[in-house]
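Student: Take a look at my_file.txt, compact mmCIF, C-alpha atoms:
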# COMPACT_ATOMS: atom_id res chain seq x y z
CA MET U 1 12.68 -38.20 25.96
CA ASP U 2 14.77 -37.32 22.92
CA LEU U 3 15.00 -33.91 21.30
CA LYS U 4 12.21 -34.57 18.81
CA GLN U 5 9.84 -35.71 21.55
CA VAL U 6 10.52 -32.59 23.62
CA ARG U 7 9.95 -30.37 20.58
CA ASN U 8 6.69 -32.14 19.77
CA ALA U 9 5.53 -31.88 23.37
CA TYR U 10 6.05 -28.11 23.41
CA THR U 11 4.49 -27.74 19.97
CA SER U 12 1.32 -29.39 21.26
CA VAL U 13 0.94 -26.82 24.06
CA ALA U 14 2.55 -23.80 22.39
CA ALA U 15 -0.54 -21.56 22.49
CA LEU U 16 -1.18 -22.26 26.18
CA TYR U 17 2.50 -21.84 27.05
CA ILE U 18 2.58 -18.45 25.30
CA GLU U 19 -0.53 -17.37 27.20
CA LEU U 20 0.86 -18.42 30.59
CA PHE U 21 4.52 -17.45 30.24
CA GLY U 22 4.94 -15.34 27.12
CA THR U 23 5.39 -11.81 28.47
CA ARG U 24 8.05 -10.01 30.46
CA GLN U 25 5.47 -9.24 33.15
CA GLN U 26 5.11 -12.97 33.85
CA VAL U 27 8.80 -13.27 34.82
CA HIS U 28 9.76 -12.64 38.45
CA VAL U 29 11.36 -9.22 38.83
CA ASP U 30 14.31 -10.73 40.71
CA ASP U 31 14.94 -13.06 37.78
CA LEU U 32 14.90 -10.22 35.28
CA ALA U 33 17.30 -8.29 37.50
CA PHE U 34 19.64 -11.29 37.76
CA ILE U 35 19.62 -11.82 33.99
CA GLY U 36 20.14 -8.15 33.27
CA ARG U 37 22.90 -7.78 35.85
CA HIS U 38 25.03 -10.44 34.19
CA LEU U 39 24.23 -10.05 30.51
CA SER U 40 23.41 -6.38 29.93
CA HIS U 41 27.06 -5.28 29.85
CA GLN U 42 28.37 -7.94 27.49
CA PRO U 43 29.99 -6.25 24.43
CA GLY U 44 28.79 -8.50 21.63
CA ASN U 45 26.18 -11.01 20.61
CA VAL U 46 24.18 -12.75 23.35
CA LEU U 47 22.17 -15.90 22.64
CA ASP U 48 18.92 -16.64 24.44
CA LEU U 49 18.83 -20.42 23.97
CA GLY U 50 15.42 -22.00 24.28
CA CYS U 51 13.95 -18.52 24.01
CA GLY U 52 10.35 -19.73 23.81
CA PRO U 53 7.99 -16.84 22.98
CA GLY U 54 10.93 -14.43 22.87
CA HIS U 55 9.98 -12.17 25.77
CA ILE U 56 13.28 -12.40 27.64
CA THR U 57 15.22 -11.88 24.41
CA ASP U 58 13.17 -8.71 23.97
CA TYR U 59 13.92 -7.70 27.57
CA LEU U 60 17.64 -8.02 26.90
CA ARG U 61 17.30 -5.95 23.75
CA SER U 62 15.49 -3.27 25.77
CA LEU U 63 18.68 -3.05 27.87
CA GLY U 64 20.76 -2.46 24.76
CA VAL U 65 21.98 -6.05 24.41
CA ASP U 66 22.60 -7.45 20.92
CA ALA U 67 20.47 -10.50 21.77
CA MET U 68 19.19 -13.24 19.48
CA GLY U 69 16.62 -15.86 20.46
CA ILE U 70 16.98 -19.46 19.36
CA ASP U 71 14.38 -22.18 19.86
CA MET U 72 13.53 -25.51 18.26
CA VAL U 73 9.74 -24.96 18.34
CA PRO U 74 8.52 -23.23 15.13
CA GLU U 75 5.39 -21.88 16.85
CA PHE U 76 7.51 -20.06 19.43
CA ILE U 77 9.76 -18.52 16.80
CA ALA U 78 6.76 -17.42 14.71
CA HIS U 79 5.19 -15.78 17.77
CA ALA U 80 8.44 -14.08 18.77
CA ARG U 81 8.98 -12.65 15.29
CA SER U 82 5.39 -11.39 15.15
CA THR U 83 5.32 -9.93 18.66
CA HIS U 84 8.85 -8.52 18.64
CA PRO U 85 9.43 -7.64 14.98
CA HIS U 86 12.62 -5.70 15.63
CA GLY U 87 14.29 -8.66 17.32
CA ARG U 88 16.25 -11.57 15.88
CA TYR U 89 14.86 -15.07 16.27
CA GLN U 90 15.71 -18.30 14.55
CA LEU U 91 15.09 -22.03 14.73
CA GLY U 92 17.96 -24.04 16.12
CA SER U 93 19.21 -26.44 18.75
CA MET U 94 21.63 -25.74 21.58
CA ARG U 95 23.21 -29.13 20.91
CA ASP U 96 24.57 -27.90 17.57
CA LEU U 97 24.70 -24.12 17.34
CA ASP U 98 25.13 -22.57 13.91
CA VAL U 99 27.63 -20.09 15.33
CA GLU U 100 31.35 -19.59 14.75
CA ASN U 101 33.87 -20.51 17.43
CA HIS U 102 34.44 -17.89 20.16
CA SER U 103 31.97 -15.42 18.65
CA VAL U 104 29.34 -15.13 21.40
CA ALA U 105 29.68 -12.77 24.36
CA GLY U 106 26.97 -14.33 26.48
CA ILE U 107 24.46 -17.17 26.70
CA LEU U 108 21.17 -17.29 28.56
CA ALA U 109 19.83 -20.81 29.16
CA TRP U 110 16.76 -19.97 31.21
CA PHE U 111 15.08 -23.30 32.01
CA SER U 112 16.18 -24.59 28.61
CA LEU U 113 18.50 -27.27 30.04
CA ILE U 114 15.83 -28.87 32.22
CA HIS U 115 14.87 -31.61 29.77
CA LEU U 116 18.45 -32.74 29.16
CA PRO U 117 19.27 -36.12 30.71
CA PRO U 118 22.16 -35.54 33.14
CA GLN U 119 24.57 -37.56 31.01
CA ASP U 120 23.98 -35.17 28.07
CA LEU U 121 24.67 -31.95 29.97
CA ASP U 122 28.45 -31.94 29.58
CA ASP U 123 28.28 -32.12 25.77
CA VAL U 124 25.90 -29.15 25.66
CA LEU U 125 28.12 -27.13 27.99
CA ALA U 126 31.08 -27.96 25.75
CA GLU U 127 29.10 -26.52 22.82
CA PHE U 128 28.46 -23.37 24.86
CA ARG U 129 32.17 -23.07 25.56
CA ARG U 130 33.03 -23.57 21.89
CA VAL U 131 31.00 -20.56 20.77
CA MET U 132 31.79 -18.19 23.64
CA THR U 133 34.50 -15.56 23.75
CA PRO U 134 37.21 -15.79 26.45
CA ALA U 135 35.32 -13.19 28.49
CA GLY U 136 31.91 -14.78 27.84
CA ARG U 137 29.26 -15.05 30.50
CA LEU U 138 26.65 -17.78 31.01
CA VAL U 139 23.37 -17.51 32.94
CA VAL U 140 21.43 -20.70 33.69
CA GLY U 141 18.00 -21.05 35.30
CA PHE U 142 16.86 -24.48 36.52
CA PHE U 143 14.71 -26.37 39.00
CA ASP U 144 16.34 -26.85 42.40
CA GLY U 145 16.28 -30.04 44.46
CA ASP U 146 18.12 -32.14 47.02
CA GLU U 147 19.39 -34.57 44.39
CA VAL U 148 19.65 -34.87 40.64
CA ALA U 149 16.34 -36.47 39.74
CA ALA U 150 13.73 -36.68 37.02
CA PHE U 151 10.20 -35.44 37.64
CA ASP U 152 6.94 -35.18 35.74
CA HIS U 153 7.04 -31.69 34.25
CA LYS U 154 3.70 -30.63 32.75
CA VAL U 155 5.14 -30.65 29.22
CA ALA U 156 7.90 -33.27 29.18
CA THR U 157 10.10 -35.16 31.65
CA ALA U 158 12.48 -32.73 33.33
CA TYR U 159 15.35 -32.87 35.81
CA ARG U 160 16.03 -30.97 39.00
CA TRP U 161 19.57 -30.25 40.19
CA PRO U 162 21.09 -29.29 43.53
CA VAL U 163 22.78 -25.96 42.96
CA ASP U 164 26.17 -27.24 44.08
CA ALA U 165 25.93 -30.21 41.69
CA LEU U 166 25.13 -28.05 38.69
CA SER U 167 27.83 -25.57 39.67
CA ALA U 168 30.32 -28.46 39.74
CA ARG U 169 29.29 -29.45 36.20
CA LEU U 170 29.84 -25.88 35.07
CA THR U 171 33.27 -25.88 36.69
CA GLN U 172 34.18 -29.13 34.94
CA ALA U 173 33.10 -27.61 31.61
CA GLY U 174 35.32 -24.57 32.12
CA PHE U 175 33.03 -22.01 33.75
CA VAL U 176 33.53 -20.21 37.05
CA GLU U 177 30.45 -19.37 39.11
CA VAL U 178 30.17 -15.71 40.08
CA GLU U 179 26.68 -15.54 41.58
CA ARG U 180 23.75 -17.78 42.42
CA GLN U 181 20.15 -17.06 43.31
CA HIS U 182 17.43 -19.21 44.91
CA GLN U 183 13.68 -18.87 44.60
CA PRO U 184 11.82 -21.07 47.13
CA SER U 185 8.52 -22.73 46.38
CA ASP U 186 5.56 -20.42 46.89
CA GLY U 187 2.92 -23.11 46.74
CA THR U 188 2.40 -22.53 43.03
CA HIS U 189 5.89 -22.85 41.56
CA ARG U 190 8.58 -25.42 42.29
CA PRO U 191 11.77 -24.15 43.93
CA TYR U 192 14.29 -23.03 41.36
CA ALA U 193 17.68 -21.39 41.13
CA ALA U 194 19.97 -19.50 38.81
CA ILE U 195 23.73 -19.47 38.36
CA ALA U 196 25.84 -16.88 36.56
CA ALA U 197 29.30 -17.98 35.45
CA VAL U 198 32.22 -16.73 33.40
CA MET U 199 34.68 -18.57 31.20
CA GLY U 200 37.55 -20.19 33.10
CA GLU U 201 39.72 -23.29 32.94
CA ARG U 202 38.58 -26.81 32.16
CA HIS U 203 38.85 -29.31 35.01
CA SER U 204 39.20 -33.07 35.21
CA PRO U 205 35.95 -34.96 34.65
CA LEU U 206 33.81 -35.66 37.68
CA PRO U 207 32.89 -39.25 38.54
CA SER U 208 30.22 -40.64 36.24
CA MET U 209 26.64 -40.01 37.30
CA ASP U 210 23.92 -42.60 37.08
CA THR U 211 20.86 -41.52 35.12
CA PRO U 212 17.88 -41.01 37.48
Let me see the structure of the file written as structure tokens.

Tutor:
Amino acid sequence: MDLKQVRNAYTSVAALYIELFGTRQQVHVDDLAFIGRHLSHQPGNVLDLGCGPGHITDYLRSLGVDAMGIDMVPEFIAHARSTHPHGRYQLGSMRDLDVENHSVAGILAWFSLIHLPPQDLDDVLAEFRRVMTPAGRLVVGFFDGDEVAAFDHKVATAYRWPVDALSARLTQAGFVEVERQHQPSDGTHRPYAAIAAVMGERHSPLPSMDTP
């Protein structure tokens, strides 16, 4: 699916998505702790990319973070602005951020990379690196699996990643992993993971990966 198709798919279920996932209380406490641990001490602007209803952006702001939510779905941004009127939310795409070079202290991409075809991931990570400061920190949440593979997500086709494989892509893009976290399946949710990383050195490209 291309970017427009993903946006349209989320637009069609925006009200239900907000109802099911749109509050801080609907986020696992371990996930909030992980996000806060790595982004709450960043001195500068933090972007919550693919912020959805804006609840995690608001959580970061409650910790004193200068956080801004960005999403490509107008219904999500409208809800976030209405529900969290003191926050900053704007329409945008992580593929082409309207942000100056090296001006962002942190990026949260919490399940917002899951619809990217694997061959598109490196370009998006390069965009993250472009906007981040030398001491910038990245937190990524994603679906875990034994291999890189597409699956039928309820909204739009998504991809699962082995943690080591995604960590290697981060390393190639110039990020250094500092912590990872696993959440096993509980019978209701798919297994997922999170990686926190800091800016580092770029590495030679990995061998090309076939699209699932």

Student: Rank U:Trp161, U:Phe175, U:Tyr89, U:Phe142 by their smallest atom-to-atom distance to Leu125 of chain U, using all atoms listed in the file, and report the top residue only.

Tutor: U:Phe175

Student: At a cut-off of 12 Å, using only C-alpha atoms, what residues contact Val13 of chain U? Leave out same-chain residues fewer than 3 positions from it and give the result as a PyMOL selection string.

Tutor: chain U and resi 6-10+16-21+52+73+75-76+154-156

Student: For segment 25-37 of chain U, I'd like the enclosing box, axis-aligned and padded by 8 Å on every side, reported as lines of an AutoDock Vina configuration file with centre and edge lengths in Å to one decimal.

Tutor:
center_x = 14.0
center_y = -10.5
center_z = 36.9
size_x = 33.8
size_y = 21.5
size_z = 23.6

Student: By how many Å are atom CA of Gly92 of chain U and atom CA of Val178 of chain U apart?

Tutor: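 We find that atom CA of Gly92 of chain U and atom CA of Val178 of chain U lie 28.2 Å from each other.
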
Student: Tell me, in Å to one decimal, how far atom CA of Ala197 of chain U is from atom CA of Glu179 of chain U.

Tutor: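 Between these atoms lies a distance of 7.1 Å.
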
Student: Near Phe151 of chain U, counting all atoms listed in the file, which residues have an atom at most 10 Å away, once you skip same-chain residues fewer than 6 positions from it, shown as an NGL selection string?

Tutor: :U and (115 or 157-160 or 212)

Student: Could you tell me which of U:Ala14, U:Cys51, U:Trp110, U:Glu147 comes closest to Ser93 of chain U if we count all atoms listed in the file?

Tutor: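 Of all the options, U:Cys51 lies closest to Ser93 of chain U.
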
Student: Which residues come within 12 Å of Asp146 of chain U, counting only C-alpha atoms, excluding same-chain residues fewer than 4 positions away, as a ChimeraX atom specification?

Tutor: /U:150,159-166,191-192
